[in-house]
Amino acid sequence: MKFYIKTYGCQMNERDSEAAASALIASGYEMVNEEGKADILLFNTCSVRDQAERKALGKVGILIKLKKEKPHIIIGVLGCMAQRLKEKIIEDIPHVDFVAGTEQFHRLPEIIASVLSKRKHIVAIDADSEIIERLAGHLYSDNQISAYISVMRGCNRFCSYCIVPYVRGNERSRPMEDIIAEAGRLVDAGIREIILLGQNIASYGLEGRGQPTESSPFAELLARLNAIEGLVRIRFTSPHPQYFNEKLIDAVAMLQKVCKNVHLPMQSGSDRILKLMNRHYTAEKYLSIVNSLKAKAPGITFSTDIIVGFPTETEADFNDTRQLMQAVEYDNAYIFKYSTRSGTKAAEMKDDVPQSIKEERNQILLADLARTTEEHNRKIVGADVEVLVEGVSKRNSTRWCGRSDSNKVVVFDPVPGIKIGDLAKFKITRATAMTLFG
Ligand code: 5AD
Ligand code: SF4
């Protein structure tokens, strides 16, 4: 039978979908890239903002027509929204055959077999600690040079706005040896760059304990991976600033393969709002981490996540965010308008910032960001940039492309002798916001 899987949300979801697909393929199912060719339609969903849920629910809702025409088709809703809404999804959308939560991905072959044989609705949402060992399969495509590795699951931080701890459960880290072995297998298969994933990745190995000042298991993991021969680049997402003690700052700054481009979610630059968000740092502390990294790794770039319109956010709070953003000079930022998630601590507060103000603050930050990006790009033109070569450009088949350390696409004319996976230096001649030309 053929299955199709659509993924909403973050890179953790992409990785879960990939591992789930590889488990289904191992059980004899065939993966297709077109919805119309599939017998089984799977939707791996996101709950982080209301809009993400509505998008997936809307998509699944309209499949009623297809289900009437082809009743044999199986529809499954997976992941965070499945975990949050449980059987309510089937109550509201009865043509959904099954719901499988965030810890059930490795059980999909069994769940689907059971839907097929019994032809009844299934709601599988139990916690399952085995998932962390069992969800390790990868799918390789031709000339793939980059791969995700999940190093931990869950989050214990309970930032007041965030649904993740409720749908992804407690922090659990994979044994370091398993991660090193998986990275080794990927490198043997031709992978040159690995992207480490975890909801609260820098607390790797702490299982919810606070970061000690003298050590950092995540820094140790980075050092072990850095030593793997044949591996060229290491990226990771998303760390919480509180885990950036000196050990981790040094590891990121000094380890040669760790990209000098750090995603460091700031959320707000106002100490009052940060406190209400339960973030456990101040703007000053955040900036001191950034400045230490800048001092130890000149040229390092940063990206971030920011929420505008958190309950009670005033013009003055917003200006603090603007200021911190300007002090860091981000290379990229994801800006979100606050959206209430029921069950979270912040949902007890009134969502009192009008939508129009959220929109206005969003636009202001985007314009500020565009200015810093332009500034960065002006500095890059004329400079030499190291590029991990990915191959023929998708947009223009006469040119090649790759990525810079700071994760920007670099487009260049093919050079004799250059191969996919090479690390090569290019002089940048032109730059747009997200693309460099060399
Ligand atoms: N409203 C808006 N943005 C949110 N995020 C998380 N929860 C919410 C929410 N309730 C943002 C945070 C986080 C990113 C993945 O999504 O900025 O870092
Ligand atoms: Fe959500 Fe905070 Fe955990 Fe990130 S650290 S997943 S924002 S609770």
# chains A, B, ... in the order shown; residues from 1 in each chain; ligands from 1

call {"tool": "residues_around", "arguments": {"residues": "Leu57 in chain A", "least_positions_apart": "5", "cutoff": "9 Å", "atoms": "only C-alpha atoms", "output": "PyMOL selection string"}}
result
chain A and resi 52+62+89+93

call {"tool": "write_last_selection", "arguments": {"atoms": "N, CA and C atoms", "output": "PDB file, in the first residue's frame"}}
result
ATOM      1  N   ALA A  52      -1.585  27.303  13.234  1.00  0.00           N
ATOM      2  CA  ALA A  52      -1.020  26.044  12.735  1.00  0.00           C
ATOM      3  C   ALA A  52      -2.050  24.927  12.853  1.00  0.00           C
ATOM      4  N   ILE A  62     -11.488  19.034   4.675  1.00  0.00           N
ATOM      5  CA  ILE A  62     -11.980  18.997   3.286  1.00  0.00           C
ATOM      6  C   ILE A  62     -11.777  17.629   2.625  1.00  0.00           C
ATOM      7  N   ILE A  89     -10.620  15.038  17.830  1.00  0.00           N
ATOM      8  CA  ILE A  89     -10.409  15.191  16.385  1.00  0.00           C
ATOM      9  C   ILE A  89     -11.390  14.295  15.628  1.00  0.00           C
ATOM     10  N   ILE A  93     -14.248  15.415  13.241  1.00  0.00           N
ATOM     11  CA  ILE A  93     -13.998  15.064  11.828  1.00  0.00           C
ATOM     12  C   ILE A  93     -14.060  13.533  11.718  1.00  0.00           C
TER      13      ILE A  93
END

call {"tool": "select_by_dssp", "arguments": {"residues": "range 329-426 of chain A", "states": "alpha helix (DSSP H)", "output": "ChimeraX atom specification"}}
result
/A:355-380

call {"tool": "residues_around", "arguments": {"residues": "Met31 in chain A", "least_positions_apart": "2", "cutoff": "10 Å", "atoms": "only C-alpha atoms", "output": "PyMOL selection string"}}
result
chain A and resi 1-5+21-22+24-25+28-29+33-34+37-38+40

call {"tool": "write_last_selection", "arguments": {"atoms": "N, CA and C atoms", "output": "PDB file, in the first residue's frame"}}
result
ATOM      1  N   MET A   1       0.842  -1.205   0.000  1.00  0.00           N
ATOM      2  CA  MET A   1       0.000   0.000   0.000  1.00  0.00           C
ATOM      3  C   MET A   1       0.872   1.248   0.000  1.00  0.00           C
ATOM      4  N   LYS A   2       0.297   2.324  -0.537  1.00  0.00           N
ATOM      5  CA  LYS A   2       1.074   3.558  -0.664  1.00  0.00           C
ATOM      6  C   LYS A   2       0.654   4.593   0.367  1.00  0.00           C
ATOM      7  N   PHE A   3       1.658   5.260   0.962  1.00  0.00           N
ATOM      8  CA  PHE A   3       1.315   6.310   1.920  1.00  0.00           C
ATOM      9  C   PHE A   3       1.956   7.633   1.523  1.00  0.00           C
ATOM     10  N   TYR A   4       1.273   8.700   1.976  1.00  0.00           N
ATOM     11  CA  TYR A   4       1.742  10.064   1.757  1.00  0.00           C
ATOM     12  C   TYR A   4       1.765  10.735   3.116  1.00  0.00           C
ATOM     13  N   ILE A   5       2.826  11.477   3.407  1.00  0.00           N
ATOM     14  CA  ILE A   5       2.873  12.146   4.713  1.00  0.00           C
ATOM     15  C   ILE A   5       3.142  13.633   4.534  1.00  0.00           C
ATOM     16  N   ALA A  21       8.258   7.485   8.385  1.00  0.00           N
ATOM     17  CA  ALA A  21       8.190   6.993   6.997  1.00  0.00           C
ATOM     18  C   ALA A  21       9.154   5.835   6.817  1.00  0.00           C
ATOM     19  N   SER A  22      10.336   5.955   7.397  1.00  0.00           N
ATOM     20  CA  SER A  22      11.297   4.881   7.213  1.00  0.00           C
ATOM     21  C   SER A  22      10.820   3.603   7.915  1.00  0.00           C
ATOM     22  N   LEU A  24       7.646   2.761   8.216  1.00  0.00           N
ATOM     23  CA  LEU A  24       6.571   2.225   7.362  1.00  0.00           C
ATOM     24  C   LEU A  24       7.146   1.507   6.143  1.00  0.00           C
ATOM     25  N   ILE A  25       8.208   2.097   5.562  1.00  0.00           N
ATOM     26  CA  ILE A  25       8.842   1.467   4.395  1.00  0.00           C
ATOM     27  C   ILE A  25       9.416   0.102   4.796  1.00  0.00           C
ATOM     28  N   GLY A  28       6.994  -2.589   4.624  1.00  0.00           N
ATOM     29  CA  GLY A  28       6.440  -2.973   3.324  1.00  0.00           C
ATOM     30  C   GLY A  28       5.559  -1.935   2.652  1.00  0.00           C
ATOM     31  N   TYR A  29       5.361  -0.785   3.277  1.00  0.00           N
ATOM     32  CA  TYR A  29       4.568   0.270   2.627  1.00  0.00           C
ATOM     33  C   TYR A  29       5.457   1.044   1.667  1.00  0.00           C
ATOM     34  N   ASN A  33       4.945  10.852  -3.173  1.00  0.00           N
ATOM     35  CA  ASN A  33       5.013  12.290  -2.905  1.00  0.00           C
ATOM     36  C   ASN A  33       3.774  13.047  -3.349  1.00  0.00           C
ATOM     37  N   GLU A  34       2.795  12.304  -3.875  1.00  0.00           N
ATOM     38  CA  GLU A  34       1.558  12.975  -4.300  1.00  0.00           C
ATOM     39  C   GLU A  34       0.388  12.377  -3.545  1.00  0.00           C
ATOM     40  N   LYS A  37      -1.984   9.800  -5.175  1.00  0.00           N
ATOM     41  CA  LYS A  37      -1.552   8.432  -5.475  1.00  0.00           C
ATOM     42  C   LYS A  37      -1.573   7.531  -4.240  1.00  0.00           C
ATOM     43  N   ALA A  38      -1.958   8.094  -3.096  1.00  0.00           N
ATOM     44  CA  ALA A  38      -1.803   7.344  -1.845  1.00  0.00           C
ATOM     45  C   ALA A  38      -3.092   6.673  -1.379  1.00  0.00           C
ATOM     46  N   ILE A  40      -3.003   5.801   1.972  1.00  0.00           N
ATOM     47  CA  ILE A  40      -2.957   6.220   3.372  1.00  0.00           C
ATOM     48  C   ILE A  40      -2.441   7.655   3.409  1.00  0.00           C
TER      49      ILE A  40
END

call {"tool": "residues_near_ligand", "arguments": {"ligand": "ligand 1", "cutoff": "6 Å", "atoms": "only C-alpha atoms and all ligand atoms", "output": "NGL selection string"}}
result
:A and (48-49 or 161-162 or 265 or 267 or 305-307 or 336-341)

call {"tool": "residues_near_ligand", "arguments": {"ligand": "ligand 2", "cutoff": "8 Å", "atoms": "only C-alpha atoms and all ligand atoms", "output": "PDB file with all heavy atoms, in the first residue's frame"}}
result
ATOM      1  N   GLY A 154      11.031  16.300  24.178  1.00  0.00           N
ATOM      2  CA  GLY A 154      10.295  16.891  25.284  1.00  0.00           C
ATOM      3  C   GLY A 154      10.905  18.170  25.818  1.00  0.00           C
ATOM      4  O   GLY A 154      11.973  18.608  25.361  1.00  0.00           O
ATOM      5  N   CYS A 155      10.189  18.794  26.761  1.00  0.00           N
ATOM      6  CA  CYS A 155      10.674  20.036  27.359  1.00  0.00           C
ATOM      7  C   CYS A 155      10.085  20.177  28.750  1.00  0.00           C
ATOM      8  O   CYS A 155       8.899  19.963  28.950  1.00  0.00           O
ATOM      9  CB  CYS A 155      10.280  21.234  26.496  1.00  0.00           C
ATOM     10  SG  CYS A 155      10.887  22.783  27.198  1.00  0.00           S
ATOM     11  N   ASN A 156      10.932  20.521  29.711  1.00  0.00           N
ATOM     12  CA  ASN A 156      10.481  20.696  31.099  1.00  0.00           C
ATOM     13  C   ASN A 156      10.411  22.156  31.514  1.00  0.00           C
ATOM     14  O   ASN A 156      10.275  22.438  32.687  1.00  0.00           O
ATOM     15  CB  ASN A 156      11.482  20.029  32.068  1.00  0.00           C
ATOM     16  CG  ASN A 156      11.387  18.536  32.045  1.00  0.00           C
ATOM     17  OD1 ASN A 156      10.951  17.958  31.060  1.00  0.00           O
ATOM     18  ND2 ASN A 156      11.794  17.887  33.112  1.00  0.00           N
ATOM     19  N   ARG A 157      10.549  23.077  30.583  1.00  0.00           N
ATOM     20  CA  ARG A 157      10.731  24.469  31.018  1.00  0.00           C
ATOM     21  C   ARG A 157       9.431  25.222  31.285  1.00  0.00           C
ATOM     22  O   ARG A 157       9.411  26.173  32.032  1.00  0.00           O
ATOM     23  CB  ARG A 157      11.581  25.228  29.997  1.00  0.00           C
ATOM     24  CG  ARG A 157      13.004  24.696  29.953  1.00  0.00           C
ATOM     25  CD  ARG A 157      13.955  25.793  29.607  1.00  0.00           C
ATOM     26  NE  ARG A 157      13.880  26.870  30.557  1.00  0.00           N
ATOM     27  CZ  ARG A 157      14.708  27.039  31.581  1.00  0.00           C
ATOM     28  NH1 ARG A 157      15.685  26.193  31.781  1.00  0.00           N
ATOM     29  NH2 ARG A 157      14.561  28.063  32.391  1.00  0.00           N
ATOM     30  N   PHE A 158       8.369  24.851  30.635  1.00  0.00           N
ATOM     31  CA  PHE A 158       7.077  25.509  30.869  1.00  0.00           C
ATOM     32  C   PHE A 158       7.147  27.037  30.743  1.00  0.00           C
ATOM     33  O   PHE A 158       6.748  27.755  31.660  1.00  0.00           O
ATOM     34  CB  PHE A 158       6.475  25.091  32.216  1.00  0.00           C
ATOM     35  CG  PHE A 158       6.048  23.643  32.218  1.00  0.00           C
ATOM     36  CD1 PHE A 158       6.918  22.642  32.630  1.00  0.00           C
ATOM     37  CD2 PHE A 158       4.793  23.285  31.748  1.00  0.00           C
ATOM     38  CE1 PHE A 158       6.545  21.306  32.594  1.00  0.00           C
ATOM     39  CE2 PHE A 158       4.411  21.952  31.707  1.00  0.00           C
ATOM     40  CZ  PHE A 158       5.281  20.964  32.139  1.00  0.00           C
ATOM     41  N   CYS A 159       7.682  27.527  29.649  1.00  0.00           N
ATOM     42  CA  CYS A 159       7.541  28.952  29.349  1.00  0.00           C
ATOM     43  C   CYS A 159       6.031  29.195  29.311  1.00  0.00           C
ATOM     44  O   CYS A 159       5.282  28.361  28.792  1.00  0.00           O
ATOM     45  CB  CYS A 159       8.182  29.284  28.007  1.00  0.00           C
ATOM     46  SG  CYS A 159       9.948  28.890  28.007  1.00  0.00           S
ATOM     47  N   SER A 160       5.587  30.330  29.854  1.00  0.00           N
ATOM     48  CA  SER A 160       4.157  30.434  30.181  1.00  0.00           C
ATOM     49  C   SER A 160       3.247  30.414  28.949  1.00  0.00           C
ATOM     50  O   SER A 160       2.079  30.090  29.054  1.00  0.00           O
ATOM     51  CB  SER A 160       3.912  31.697  30.999  1.00  0.00           C
ATOM     52  OG  SER A 160       4.174  32.839  30.204  1.00  0.00           O
ATOM     53  N   TYR A 161       3.776  30.773  27.768  1.00  0.00           N
ATOM     54  CA  TYR A 161       2.952  30.832  26.554  1.00  0.00           C
ATOM     55  C   TYR A 161       2.915  29.506  25.800  1.00  0.00           C
ATOM     56  O   TYR A 161       2.167  29.361  24.843  1.00  0.00           O
ATOM     57  CB  TYR A 161       3.524  31.908  25.592  1.00  0.00           C
ATOM     58  CG  TYR A 161       5.018  31.731  25.377  1.00  0.00           C
ATOM     59  CD1 TYR A 161       5.500  30.807  24.466  1.00  0.00           C
ATOM     60  CD2 TYR A 161       5.935  32.457  26.143  1.00  0.00           C
ATOM     61  CE1 TYR A 161       6.864  30.599  24.324  1.00  0.00           C
ATOM     62  CE2 TYR A 161       7.289  32.259  25.998  1.00  0.00           C
ATOM     63  CZ  TYR A 161       7.746  31.334  25.093  1.00  0.00           C
ATOM     64  OH  TYR A 161       9.087  31.115  24.954  1.00  0.00           O
ATOM     65  N   CYS A 162       3.742  28.539  26.212  1.00  0.00           N
ATOM     66  CA  CYS A 162       4.094  27.453  25.283  1.00  0.00           C
ATOM     67  C   CYS A 162       3.370  26.135  25.575  1.00  0.00           C
ATOM     68  O   CYS A 162       3.322  25.660  26.709  1.00  0.00           O
ATOM     69  CB  CYS A 162       5.604  27.237  25.340  1.00  0.00           C
ATOM     70  SG  CYS A 162       6.179  26.060  24.113  1.00  0.00           S
ATOM     71  N   ILE A 163       2.874  25.510  24.536  1.00  0.00           N
ATOM     72  CA  ILE A 163       2.118  24.256  24.647  1.00  0.00           C
ATOM     73  C   ILE A 163       3.042  23.022  24.601  1.00  0.00           C
ATOM     74  O   ILE A 163       2.638  21.921  24.974  1.00  0.00           O
ATOM     75  CB  ILE A 163       1.059  24.200  23.499  1.00  0.00           C
ATOM     76  CG1 ILE A 163      -0.022  23.136  23.753  1.00  0.00           C
ATOM     77  CG2 ILE A 163       1.694  23.952  22.140  1.00  0.00           C
ATOM     78  CD1 ILE A 163      -1.014  23.491  24.813  1.00  0.00           C
ATOM     79  N   VAL A 164       4.281  23.252  24.156  1.00  0.00           N
ATOM     80  CA  VAL A 164       5.185  22.112  23.896  1.00  0.00           C
ATOM     81  C   VAL A 164       5.336  21.139  25.074  1.00  0.00           C
ATOM     82  O   VAL A 164       5.203  19.928  24.887  1.00  0.00           O
ATOM     83  CB  VAL A 164       6.564  22.615  23.387  1.00  0.00           C
ATOM     84  CG1 VAL A 164       7.615  21.509  23.418  1.00  0.00           C
ATOM     85  CG2 VAL A 164       6.427  23.162  21.972  1.00  0.00           C
ATOM     86  N   PRO A 165       5.583  21.624  26.303  1.00  0.00           N
ATOM     87  CA  PRO A 165       5.749  20.665  27.409  1.00  0.00           C
ATOM     88  C   PRO A 165       4.510  19.774  27.598  1.00  0.00           C
ATOM     89  O   PRO A 165       4.625  18.646  28.057  1.00  0.00           O
ATOM     90  CB  PRO A 165       5.973  21.566  28.623  1.00  0.00           C
ATOM     91  CG  PRO A 165       6.540  22.824  28.046  1.00  0.00           C
ATOM     92  CD  PRO A 165       5.821  23.012  26.740  1.00  0.00           C
ATOM     93  N   GLN A 199      13.728  19.935  21.522  1.00  0.00           N
ATOM     94  CA  GLN A 199      12.920  21.108  21.898  1.00  0.00           C
ATOM     95  C   GLN A 199      13.689  22.018  22.845  1.00  0.00           C
ATOM     96  O   GLN A 199      13.518  23.223  22.816  1.00  0.00           O
ATOM     97  CB  GLN A 199      11.633  20.665  22.606  1.00  0.00           C
ATOM     98  CG  GLN A 199      10.457  20.549  21.677  1.00  0.00           C
ATOM     99  CD  GLN A 199      10.395  19.196  21.018  1.00  0.00           C
ATOM    100  OE1 GLN A 199      10.869  18.223  21.553  1.00  0.00           O
ATOM    101  NE2 GLN A 199       9.797  19.150  19.853  1.00  0.00           N
ATOM    102  N   ASN A 200      14.507  21.416  23.696  1.00  0.00           N
ATOM    103  CA  ASN A 200      15.281  22.207  24.662  1.00  0.00           C
ATOM    104  C   ASN A 200      16.690  21.641  24.614  1.00  0.00           C
ATOM    105  O   ASN A 200      17.212  21.111  25.591  1.00  0.00           O
ATOM    106  CB  ASN A 200      14.628  22.053  26.049  1.00  0.00           C
ATOM    107  CG  ASN A 200      15.277  22.935  27.094  1.00  0.00           C
ATOM    108  OD1 ASN A 200      16.002  23.873  26.770  1.00  0.00           O
ATOM    109  ND2 ASN A 200      15.034  22.621  28.348  1.00  0.00           N
ATOM    110  N   SER A 238      16.619  23.793  19.137  1.00  0.00           N
ATOM    111  CA  SER A 238      16.746  25.154  19.600  1.00  0.00           C
ATOM    112  C   SER A 238      17.240  25.166  21.046  1.00  0.00           C
ATOM    113  O   SER A 238      16.650  24.473  21.870  1.00  0.00           O
ATOM    114  CB  SER A 238      15.371  25.822  19.624  1.00  0.00           C
ATOM    115  OG  SER A 238      14.983  26.309  18.394  1.00  0.00           O
ATOM    116  N   PRO A 239      18.244  25.953  21.350  1.00  0.00           N
ATOM    117  CA  PRO A 239      18.709  26.021  22.736  1.00  0.00           C
ATOM    118  C   PRO A 239      17.988  27.118  23.515  1.00  0.00           C
ATOM    119  O   PRO A 239      17.562  28.109  22.942  1.00  0.00           O
ATOM    120  CB  PRO A 239      20.185  26.396  22.565  1.00  0.00           C
ATOM    121  CG  PRO A 239      20.193  27.252  21.338  1.00  0.00           C
ATOM    122  CD  PRO A 239      19.057  26.793  20.443  1.00  0.00           C
ATOM    123  N   HIS A 240      17.842  26.915  24.806  1.00  0.00           N
ATOM    124  CA  HIS A 240      17.329  27.960  25.696  1.00  0.00           C
ATOM    125  C   HIS A 240      18.555  28.687  26.264  1.00  0.00           C
ATOM    126  O   HIS A 240      19.522  28.031  26.673  1.00  0.00           O
ATOM    127  CB  HIS A 240      16.515  27.296  26.804  1.00  0.00           C
ATOM    128  CG  HIS A 240      15.841  28.262  27.724  1.00  0.00           C
ATOM    129  ND1 HIS A 240      16.547  29.062  28.600  1.00  0.00           N
ATOM    130  CD2 HIS A 240      14.543  28.563  27.907  1.00  0.00           C
ATOM    131  CE1 HIS A 240      15.689  29.815  29.277  1.00  0.00           C
ATOM    132  NE2 HIS A 240      14.464  29.528  28.872  1.00  0.00           N
ATOM    133  N   ARG A 279      10.848  32.894  31.537  1.00  0.00           N
ATOM    134  CA  ARG A 279      12.028  32.565  30.744  1.00  0.00           C
ATOM    135  C   ARG A 279      13.312  32.452  31.585  1.00  0.00           C
ATOM    136  O   ARG A 279      14.336  31.957  31.104  1.00  0.00           O
ATOM    137  CB  ARG A 279      12.232  33.606  29.625  1.00  0.00           C
ATOM    138  CG  ARG A 279      11.211  33.529  28.514  1.00  0.00           C
ATOM    139  CD  ARG A 279      11.365  32.280  27.672  1.00  0.00           C
ATOM    140  NE  ARG A 279      12.519  32.316  26.786  1.00  0.00           N
ATOM    141  CZ  ARG A 279      12.865  31.299  25.980  1.00  0.00           C
ATOM    142  NH1 ARG A 279      12.172  30.174  25.985  1.00  0.00           N
ATOM    143  NH2 ARG A 279      13.909  31.404  25.199  1.00  0.00           N
TER     144      ARG A 279
END

call {"tool": "residues_around", "arguments": {"residues": "Arg107 in chain A", "least_positions_apart": "2", "cutoff": "10 Å", "atoms": "only C-alpha atoms", "output": "JSON, numbers by chain"}}
result
{"A": [20, 23, 24, 100, 103, 104, 105, 109, 110, 111, 112, 124, 128, 131, 134, 135]}

call {"tool": "residues_around", "arguments": {"residues": "Val232 in chain A", "least_positions_apart": "4", "cutoff": "9 Å", "atoms": "only C-alpha atoms", "output": "MDAnalysis selection string"}}
result
chainID A and resid 191:194 226 228 256:258 388 421 423

call {"tool": "residues_around", "arguments": {"residues": "range 13-17 of chain A", "least_positions_apart": "5", "cutoff": "7 Å", "atoms": "only C-alpha atoms", "output": "list in words"}}
result
Thr7, Asn44 and Tyr148 of chain A

call {"tool": "write_last_selection", "arguments": {"atoms": "C-alpha atoms", "output": "PDB file, in the first residue's frame"}}
result
ATOM      1  CA  THR A   7       4.365  17.693   7.788  1.00  0.00           C
ATOM      2  CA  ASN A  44       1.948  15.285  11.141  1.00  0.00           C
ATOM      3  CA  TYR A 148      18.775  15.629  11.121  1.00  0.00           C
TER       4      TYR A 148
END

call {"tool": "closest_residue", "arguments": {"among": "A:Ala297, A:Val187, A:Glu229, A:Asn143", "to": "Ile420 in chain A", "atoms": "only C-alpha atoms"}}
result
A:Asn143

call {"tool": "atom_distance", "arguments": {"atom1": "CA of Lys120 in chain A", "atom2": "CA of Gly79 in chain A"}}
result
19.9 Å
